[in-house]
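Quick look at target11.txt (compact mmCIF, C-alpha atoms and all ligand atoms):
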# COMPACT_ATOMS: atom_id res chain seq x y z
CA MET M 1 0.00 0.00 0.00
CA LEU M 2 1.36 3.38 -0.94
CA GLY M 3 0.90 6.45 1.25
CA GLU M 4 -1.58 8.79 -0.38
CA SER M 5 0.38 11.99 -0.26
CA ARG M 6 3.73 13.61 0.23
CA VAL M 7 4.73 14.85 3.66
CA ILE M 8 4.79 18.65 3.58
CA VAL M 9 7.96 20.21 4.97
CA ARG M 10 7.08 23.72 3.77
CA PRO M 11 3.90 24.59 1.85
CA THR M 12 5.21 27.51 -0.26
CA PRO M 13 7.45 27.25 -2.13
CA LEU M 14 6.61 23.58 -1.87
CA CYS M 15 9.08 21.28 -0.15
CA ALA M 16 7.67 17.84 0.57
CA GLU M 17 9.03 14.39 1.35
CA THR M 18 8.32 11.06 -0.28
CA PRO M 19 6.00 9.28 2.20
CA GLN M 20 7.68 6.36 3.98
CA ASP M 21 5.32 3.79 2.40
CA ALA M 22 6.26 4.90 -1.09
CA LEU M 23 9.96 4.34 -0.40
CA ALA M 24 9.30 0.60 -0.54
CA ALA M 25 8.85 0.73 -4.34
CA GLU M 26 11.82 0.70 -6.70
CA ILE M 27 10.24 3.47 -8.80
CA THR M 28 8.37 6.15 -6.88
CA PRO M 29 5.03 7.27 -8.37
CA ALA M 30 5.54 10.80 -9.75
CA GLY M 31 2.90 12.25 -7.43
CA LEU M 32 4.76 10.91 -4.37
CA HIS M 33 8.33 11.73 -5.46
CA TYR M 34 9.75 14.33 -3.07
CA VAL M 35 9.66 17.95 -4.22
CA ARG M 36 12.22 20.61 -3.46
CA SER M 37 11.66 24.13 -4.71
CA ASN M 38 13.47 27.30 -3.75
CA PHE M 39 10.92 29.57 -5.46
CA PRO M 40 7.25 29.28 -6.48
CA PHE M 41 6.66 27.12 -9.57
CA PRO M 42 6.73 29.05 -12.85
CA GLU M 43 3.83 28.31 -15.20
CA LEU M 44 5.27 27.29 -18.53
CA ASP M 45 3.36 26.17 -21.60
CA ALA M 46 5.00 23.23 -23.40
CA ARG M 47 3.50 24.41 -26.71
CA THR M 48 5.28 27.77 -26.63
CA HIS M 49 8.23 27.14 -24.29
CA ARG M 50 11.63 27.64 -25.92
CA VAL M 51 15.10 26.91 -24.60
CA ARG M 52 17.93 29.23 -25.55
CA VAL M 53 21.35 27.66 -26.16
CA ASP M 54 24.06 30.31 -26.27
CA GLY M 55 27.41 31.48 -24.91
CA ALA M 56 30.64 29.94 -26.23
CA VAL M 57 28.96 28.06 -29.09
CA GLY M 58 29.31 28.08 -32.86
CA GLU M 59 25.71 29.16 -33.37
CA ALA M 60 23.20 30.23 -30.71
CA LEU M 61 19.86 28.42 -30.95
CA GLU M 62 16.33 28.53 -29.63
CA LEU M 63 14.64 25.16 -29.46
CA GLY M 64 10.99 24.33 -28.91
CA MET M 65 9.86 21.14 -27.22
CA ASP M 66 8.98 19.51 -30.56
CA GLU M 67 12.50 20.13 -31.90
CA LEU M 68 14.05 18.70 -28.75
CA ALA M 69 11.86 15.62 -29.01
CA ARG M 70 13.31 14.85 -32.46
CA LEU M 71 16.78 14.23 -31.00
CA PRO M 72 17.67 10.61 -30.03
CA ARG M 73 15.53 9.56 -27.07
CA ARG M 74 17.08 8.34 -23.79
CA THR M 75 15.36 6.89 -20.72
CA LEU M 76 17.17 6.40 -17.41
CA GLY M 77 16.13 5.11 -13.99
CA VAL M 78 17.62 7.48 -11.43
CA THR M 79 17.59 7.73 -7.64
CA LEU M 80 17.58 11.40 -6.69
CA GLU M 81 18.36 12.66 -3.22
CA CYS M 82 18.32 16.22 -1.94
CA ALA M 83 21.65 17.29 -0.44
CA GLY M 84 19.69 18.39 2.63
CA ASN M 85 18.08 14.98 3.21
CA ASP M 86 18.52 13.78 6.81
CA ARG M 87 19.53 17.29 7.91
CA LEU M 88 17.56 16.57 11.10
CA THR M 89 20.30 14.11 12.13
CA LEU M 90 22.78 16.99 12.50
CA ALA M 91 23.31 18.70 15.84
CA PRO M 92 23.33 21.61 16.35
CA LEU M 93 20.62 21.82 13.69
CA PRO M 94 21.82 23.93 10.73
CA ALA M 95 19.54 26.42 8.94
CA GLY M 96 17.64 25.10 5.93
CA GLU M 97 14.60 22.96 5.21
CA LEU M 98 13.85 20.45 7.97
CA TRP M 99 14.25 17.27 5.95
CA GLY M 100 13.86 13.98 7.76
CA GLY M 101 14.73 10.97 5.61
CA GLY M 102 12.19 11.40 2.81
CA ALA M 103 13.99 13.78 0.45
CA VAL M 104 14.91 10.86 -1.78
CA ALA M 105 13.03 8.99 -4.49
CA ALA M 106 13.54 7.17 -7.78
CA ALA M 107 12.01 7.78 -11.19
CA GLU M 108 12.39 6.91 -14.84
CA TRP M 109 13.31 10.04 -16.74
CA GLY M 110 12.81 10.30 -20.50
CA GLY M 111 14.39 12.94 -22.67
CA VAL M 112 17.50 13.69 -24.69
CA SER M 113 21.19 14.00 -23.86
CA LEU M 114 22.24 17.54 -23.01
CA ALA M 115 25.36 16.67 -25.08
CA ASP M 116 23.23 16.24 -28.23
CA VAL M 117 21.66 19.67 -27.72
CA LEU M 118 25.09 21.22 -27.15
CA ALA M 119 26.43 19.47 -30.26
CA ARG M 120 23.72 21.14 -32.35
CA ALA M 121 24.99 24.55 -31.24
CA GLY M 122 28.67 23.52 -31.44
CA VAL M 123 30.72 23.90 -28.26
CA ALA M 124 33.74 26.23 -28.53
CA PRO M 125 37.17 24.84 -27.50
CA SER M 126 37.36 27.53 -24.79
CA ALA M 127 34.32 26.05 -22.98
CA LEU M 128 34.79 25.55 -19.22
CA GLU M 129 31.30 24.97 -17.79
CA VAL M 130 27.70 24.76 -18.92
CA LEU M 131 25.28 27.04 -17.09
CA VAL M 132 21.66 25.93 -16.91
CA GLU M 133 19.15 28.63 -15.98
CA ALA M 134 15.59 28.08 -14.88
CA ALA M 135 12.36 30.04 -15.17
CA ASP M 136 11.63 30.15 -11.42
CA GLU M 137 12.82 33.29 -9.69
CA GLY M 138 12.70 35.10 -6.39
CA PHE M 139 14.68 36.92 -3.75
CA ALA M 140 17.78 35.12 -2.48
CA GLY M 141 21.12 36.30 -1.13
CA GLY M 142 19.96 39.93 -1.35
CA ASN M 143 19.03 39.84 -5.03
CA GLU M 144 16.20 38.95 -7.36
CA ILE M 145 17.57 35.89 -9.16
CA CYS M 146 16.53 32.77 -11.05
CA PHE M 147 17.56 29.26 -10.03
CA ALA M 148 20.74 28.53 -11.97
CA ARG M 149 23.57 26.01 -11.71
CA SER M 150 26.59 25.12 -13.79
CA LEU M 151 28.17 21.78 -14.61
CA PRO M 152 31.79 21.05 -15.51
CA MET M 153 32.21 20.07 -19.20
CA ASP M 154 32.76 16.35 -18.54
CA LYS M 155 29.44 16.12 -16.67
CA ALA M 156 27.59 18.37 -19.14
CA LEU M 157 28.79 16.26 -22.08
CA HIS M 158 28.20 12.89 -20.40
CA PRO M 159 25.54 11.08 -22.46
CA ASP M 160 23.56 10.27 -19.28
CA THR M 161 23.11 13.92 -18.33
CA LEU M 162 19.60 14.47 -19.66
CA LEU M 163 17.24 17.22 -20.61
CA ALA M 164 14.11 15.34 -19.58
CA PHE M 165 10.52 15.97 -20.58
CA GLU M 166 9.03 12.72 -19.26
CA MET M 167 8.81 11.19 -15.79
CA ASN M 168 7.68 7.58 -15.36
CA GLY M 169 6.42 7.51 -18.95
CA ALA M 170 4.20 10.60 -18.72
CA PRO M 171 4.86 14.29 -19.38
CA LEU M 172 6.74 15.99 -16.51
CA PRO M 173 4.39 17.22 -13.76
CA PRO M 174 4.58 20.99 -13.04
CA GLU M 175 6.27 20.53 -9.64
CA HIS M 176 9.02 18.37 -11.16
CA GLY M 177 10.00 20.94 -13.76
CA ALA M 178 7.54 20.88 -16.69
CA PRO M 179 8.06 21.08 -19.51
CA LEU M 180 11.85 20.50 -19.32
CA ARG M 181 14.39 19.73 -16.62
CA LEU M 182 17.94 18.60 -16.27
CA VAL M 183 18.65 15.19 -14.72
CA VAL M 184 22.22 14.66 -13.52
CA PRO M 185 22.46 11.02 -12.39
CA GLY M 186 24.65 10.32 -9.36
CA TRP M 187 24.67 13.91 -8.12
CA TYR M 188 22.58 15.38 -5.35
CA GLY M 189 19.32 16.89 -6.58
CA MET M 190 20.38 20.56 -6.79
CA ALA M 191 22.21 19.81 -10.05
CA SER M 192 19.01 18.61 -11.73
CA VAL M 193 17.68 22.06 -12.64
CA LYS M 194 13.91 22.13 -13.20
CA TRP M 195 11.99 24.45 -15.61
CA VAL M 196 15.03 24.91 -17.86
CA SER M 197 14.90 28.10 -19.95
CA ARG M 198 18.50 28.62 -21.01
CA VAL M 199 21.68 26.60 -21.52
CA SER M 200 24.78 28.74 -21.80
CA VAL M 201 28.35 27.61 -22.44
CA LEU M 202 30.74 29.53 -20.17
CA THR M 203 34.46 30.22 -20.41
CA GLU M 204 34.65 31.39 -16.77
CA PRO M 205 33.47 29.57 -13.63
CA PHE M 206 29.88 30.41 -12.67
CA ALA M 207 29.67 32.19 -9.31
CA GLY M 208 25.89 32.43 -8.79
CA TYR M 209 24.15 32.17 -5.42
CA PHE M 210 23.09 28.51 -5.80
CA GLN M 211 26.63 27.63 -6.90
CA ARG M 212 28.76 29.50 -4.37
CA GLU M 213 26.57 30.49 -1.42
CA ARG M 214 24.46 27.34 -1.26
CA TYR M 215 25.18 23.68 -2.03
CA VAL M 216 28.71 23.93 -0.68
CA MET M 217 30.20 21.89 2.16
CA ASP M 218 31.39 24.39 4.74
CA TYR M 219 32.96 22.69 7.75
CA GLY M 220 33.68 26.03 9.39
CA ALA M 221 37.11 26.92 10.80
CA GLY M 222 37.75 29.04 7.70
CA GLY M 223 38.51 26.06 5.46
CA PRO M 224 37.49 26.15 1.80
CA ALA M 225 33.82 25.49 1.00
CA VAL M 226 33.70 22.49 -1.33
CA PRO M 227 30.88 22.28 -3.92
CA VAL M 228 28.33 19.54 -3.23
CA ALA M 229 28.32 17.02 -6.08
CA GLU M 230 27.98 13.22 -5.87
CA MET M 231 25.50 11.62 -3.48
CA ALA M 232 27.22 10.06 -0.47
CA VAL M 233 26.76 6.33 0.18
CA LYS M 234 23.60 5.55 2.16
CA ALA M 235 21.22 2.72 3.05
CA VAL M 236 17.61 2.98 4.16
CA VAL M 237 15.39 0.36 5.79
CA THR M 238 11.95 0.08 4.19
CA GLU M 239 10.85 -3.06 6.08
CA PRO M 240 10.10 -3.45 8.94
CA ARG M 241 8.95 0.04 9.76
CA GLY M 242 10.15 1.83 12.87
CA GLY M 243 7.84 1.08 15.79
CA GLU M 244 6.44 -2.04 14.13
CA VAL M 245 5.47 -4.92 16.39
CA LEU M 246 6.80 -8.23 15.08
CA GLY M 247 6.47 -11.80 16.22
CA THR M 248 9.56 -13.69 17.31
CA ARG M 249 9.74 -15.76 14.09
CA PRO M 250 12.24 -14.91 11.28
CA VAL M 251 11.49 -11.85 9.18
CA THR M 252 13.16 -10.28 6.18
CA VAL M 253 14.68 -6.87 6.79
CA ARG M 254 15.03 -5.00 3.51
CA GLY M 255 15.64 -1.66 1.96
CA TRP M 256 17.63 0.27 -0.61
CA ALA M 257 21.21 1.47 -0.79
CA TRP M 258 22.90 3.88 -3.19
CA SER M 259 25.99 5.97 -3.77
CA GLY M 260 26.75 8.56 -6.41
CA ALA M 261 30.40 7.53 -6.49
CA ALA M 262 30.24 3.81 -7.31
CA PRO M 263 27.98 0.76 -6.98
CA VAL M 264 27.12 -0.40 -3.47
CA THR M 265 29.11 -3.55 -2.77
CA ARG M 266 28.18 -4.36 0.81
CA VAL M 267 25.37 -3.65 3.27
CA GLN M 268 25.69 -4.69 6.89
CA LEU M 269 23.34 -4.91 9.83
CA ALA M 270 24.03 -4.64 13.52
CA VAL M 271 21.28 -5.62 15.93
CA ASP M 272 20.90 -4.11 19.39
CA GLY M 273 23.94 -1.88 19.36
CA GLY M 274 27.38 -3.36 19.44
CA ASP M 275 29.65 -3.82 16.49
CA ALA M 276 28.76 -7.31 15.33
CA TRP M 277 28.05 -6.25 11.73
CA GLU M 278 26.55 -8.99 9.57
CA ASP M 279 26.34 -8.98 5.80
CA ALA M 280 23.02 -8.54 4.02
CA ARG M 281 22.42 -9.81 0.49
CA VAL M 282 22.97 -6.95 -1.98
CA HIS M 283 21.46 -7.06 -5.47
CA PRO M 284 22.77 -5.20 -8.50
CA ALA M 285 20.72 -2.18 -9.54
CA SER M 286 18.16 -2.92 -12.23
CA HIS M 287 19.47 0.25 -13.83
CA SER M 288 22.89 1.70 -13.08
CA TYR M 289 21.56 4.89 -11.47
CA LEU M 290 18.80 3.28 -9.40
CA TRP M 291 19.17 2.32 -5.77
CA GLN M 292 20.03 -1.30 -5.03
CA ARG M 293 17.88 -3.77 -3.14
CA TRP M 294 19.40 -5.38 -0.04
CA GLU M 295 17.82 -7.91 2.30
CA TYR M 296 18.70 -9.78 5.45
CA GLU M 297 16.95 -12.74 7.06
CA TRP M 298 16.71 -11.88 10.71
CA ALA M 299 16.42 -15.29 12.30
CA SER M 300 15.45 -15.49 15.91
CA ARG M 301 15.05 -12.87 18.52
CA ALA M 302 13.91 -12.59 22.10
CA SER M 303 10.78 -10.65 22.82
CA GLY M 304 11.37 -7.02 23.62
CA ARG M 305 12.66 -3.97 21.84
CA HIS M 306 15.36 -4.27 19.17
CA THR M 307 17.43 -1.68 17.35
CA LEU M 308 18.49 -2.35 13.77
CA ARG M 309 21.39 -0.37 12.37
CA VAL M 310 22.28 -0.63 8.69
CA ARG M 311 25.30 0.68 6.84
CA ALA M 312 26.34 0.58 3.20
CA HIS M 313 29.76 0.50 1.53
CA ASP M 314 30.49 1.36 -2.11
CA ALA M 315 33.08 0.10 -4.59
CA ALA M 316 35.06 3.33 -4.16
CA GLY M 317 35.74 2.39 -0.52
CA ASN M 318 33.22 4.78 1.05
CA VAL M 319 31.23 3.64 4.07
CA GLN M 320 28.57 5.39 6.12
CA PRO M 321 29.96 6.95 9.30
CA ASP M 322 28.49 6.24 12.74
CA SER M 323 27.75 9.91 13.27
CA PRO M 324 27.20 12.57 10.63
CA ARG M 325 29.86 15.10 9.78
CA TRP M 326 28.43 18.48 10.76
CA ASN M 327 28.65 21.29 8.23
CA ARG M 328 27.24 24.80 8.36
CA LEU M 329 24.54 24.34 5.71
CA GLY M 330 23.63 20.79 6.67
CA TYR M 331 24.33 18.82 3.48
CA GLY M 332 25.32 15.24 2.79
CA ALA M 333 24.19 13.80 6.15
CA ASN M 334 24.72 10.06 5.65
CA ALA M 335 25.36 8.62 9.09
CA VAL M 336 24.05 5.15 9.93
CA ARG M 337 20.34 5.36 10.82
CA SER M 338 18.57 3.00 13.15
CA VAL M 339 15.10 1.51 13.25
CA VAL M 340 13.56 0.36 16.51
CA VAL M 341 11.06 -2.50 16.41
CA GLU M 342 9.41 -4.63 19.03
CA ALA M 343 9.15 -8.42 19.14
CA ARG M 344 6.45 -10.08 21.20
N1 LIG V 1 14.56 25.51 -11.18
C1 LIG V 1 14.82 24.83 -10.06
N2 LIG V 1 15.39 23.62 -10.16
C2 LIG V 1 15.65 22.90 -9.05
C3 LIG V 1 15.38 23.40 -7.77
C4 LIG V 1 14.77 24.68 -7.68
O1 LIG V 1 14.48 25.19 -6.60
N3 LIG V 1 14.50 25.35 -8.85
N4 LIG V 1 15.71 22.65 -6.66
C5 LIG V 1 16.76 21.65 -6.84
C6 LIG V 1 16.90 20.74 -5.72
S1 LIG V 1 17.71 21.38 -4.36
C7 LIG V 1 16.50 19.43 -5.78
S2 LIG V 1 16.83 18.37 -4.50
C8 LIG V 1 15.79 18.90 -6.96
C9 LIG V 1 14.49 18.21 -6.57
O2 LIG V 1 13.80 17.76 -7.71
P1 LIG V 1 12.28 17.31 -7.52
O3 LIG V 1 11.53 18.45 -6.87
O4 LIG V 1 11.76 16.96 -8.87
O5 LIG V 1 12.31 16.12 -6.61
O6 LIG V 1 15.48 19.94 -7.88
C10 LIG V 1 16.54 20.83 -8.10
N5 LIG V 1 16.21 21.67 -9.22
MO MO V 2 18.01 19.64 -2.92
Reformat the file's structure so that it appears as structure tokens.
Amino acid sequence: MLGESRVIVRPTPLCAETPQDALAAEITPAGLHYVRSNFPFPELDARTHRVRVDGAVGEALELGMDELARLPRRTLGVTLECAGNDRLTLAPLPAGELWGGGAVAAAEWGGVSLADVLARAGVAPSALEVLVEAADEGFAGGNEICFARSLPMDKALHPDTLLAFEMNGAPLPPEHGAPLRLVVPGWYGMASVKWVSRVSVLTEPFAGYFQRERYVMDYGAGGPAVPVAEMAVKAVVTEPRGGEVLGTRPVTVRGWAWSGAAPVTRVQLAVDGGDAWEDARVHPASHSYLWQRWEYEWASRASGRHTLRVRAHDAAGNVQPDSPRWNRLGYGANAVRSVVVEAR
């Protein structure tokens, strides 16, 4: 059974979590996929919307949705997580949206490669980054600005970086960026610019608010603020649910695990504290950018309360820490989470 609606974190501009029930599915229904918006949704008409492609290109272009749709079609399953997901696990609590664990979801995005669009305009050899501007705007950092983010050339030209116009086989819903959004697999959600209005090839690094003032890891102490990029390794438990009352017979504990850096190679469980980590079974992703199923047969247990802790490792050698690494803006919180259940 899927929860009927998203969990509202802030009503306007809408920020809402994927309901816990919906996290059990490999692909989240579009209407339950978490939403993160910095500004109110712009109202764009797919019939008249045009995307400008300009900057350091051979020939600047303006493309309508029908012209974009004639480029080679690509469909990718992608797990998307907001960089602020699990911010509530950080203490002291940083500023920012109060995300619990539901700012993550998975969808099938259909569209075209950003690289194919850039190739039509012809990228100049001096190109350094690709700026993607959106149609939503508002007041941030003391100025009236639009949401805008840049990508380094290798990511912008990667064939899996999409300009998507479909989500789960249907046209993009307004809250997810209709009629056109970027999807940057493996990176935290801020890179996947919604309501795309302009793609501009830059020869200088972009220094906009959402590039330099937000979505940076700032550990304080005057060190450099590092841009947020790939999703950190993380596992979630979807079954049993926290607070669930179980019998004392064996049950399957299961969930998802993902990492933006590399495939998840190992998921471990520790029951009732302690450091006796046991291996769960980890399945390959059914698509390379989707989260991976893991499961663990939890054999026998005494009646009473039990704490399940789960941690994931990826092929790049990353593992979830026991406690989250605090940073000023509260991004990338990926400490081991626990679920408490009761057996009786
Ligand atoms: N134009 C625009 N694009 C945006 C945002 C935004 O506020 N405006 N938020 C970003 C962030 S922080 C995230 S996590 C993802 C969320 O995408 P979703 O709302 O489709 O889940 O959109 C990204 N793209
Ligand atoms: Mo985000």
Query raised in the report: Using only C-alpha atoms and all ligand atoms, what are the residues with an atom within 12 Å of ligand MO 2 (chain V), set out as a ChimeraX atom specification?
Result: /M:15-17,34-38,80-87,96-99,102-105,147,187-194,210,214-216,228-229,231,329-332
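The residue that comes closest to Pro11 in chain M, out of M:Pro284, M:Val251, M:Leu180, M:Pro40 and on the basis of all atoms listed in the file, is M:Pro40.
In terms of minimum interatomic distance to Val253 in chain M, M:Ala270 ranks closest within M:Ala270, M:Ala156, M:Leu163, M:Ala22, counting only C-alpha atoms.
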Requested in this report: Measuring atom to atom with all atoms listed in the file, identify which of M:Pro94, M:Gly58, M:Gly101, M:Pro179 is nearest to Val201 in chain M.
Outcome: M:Gly58
Query raised in the report: What is the distance between CA of Leu114 in chain M and CA of Leu32 in chain M, in Å to one decimal?
Result: 26.4 Å
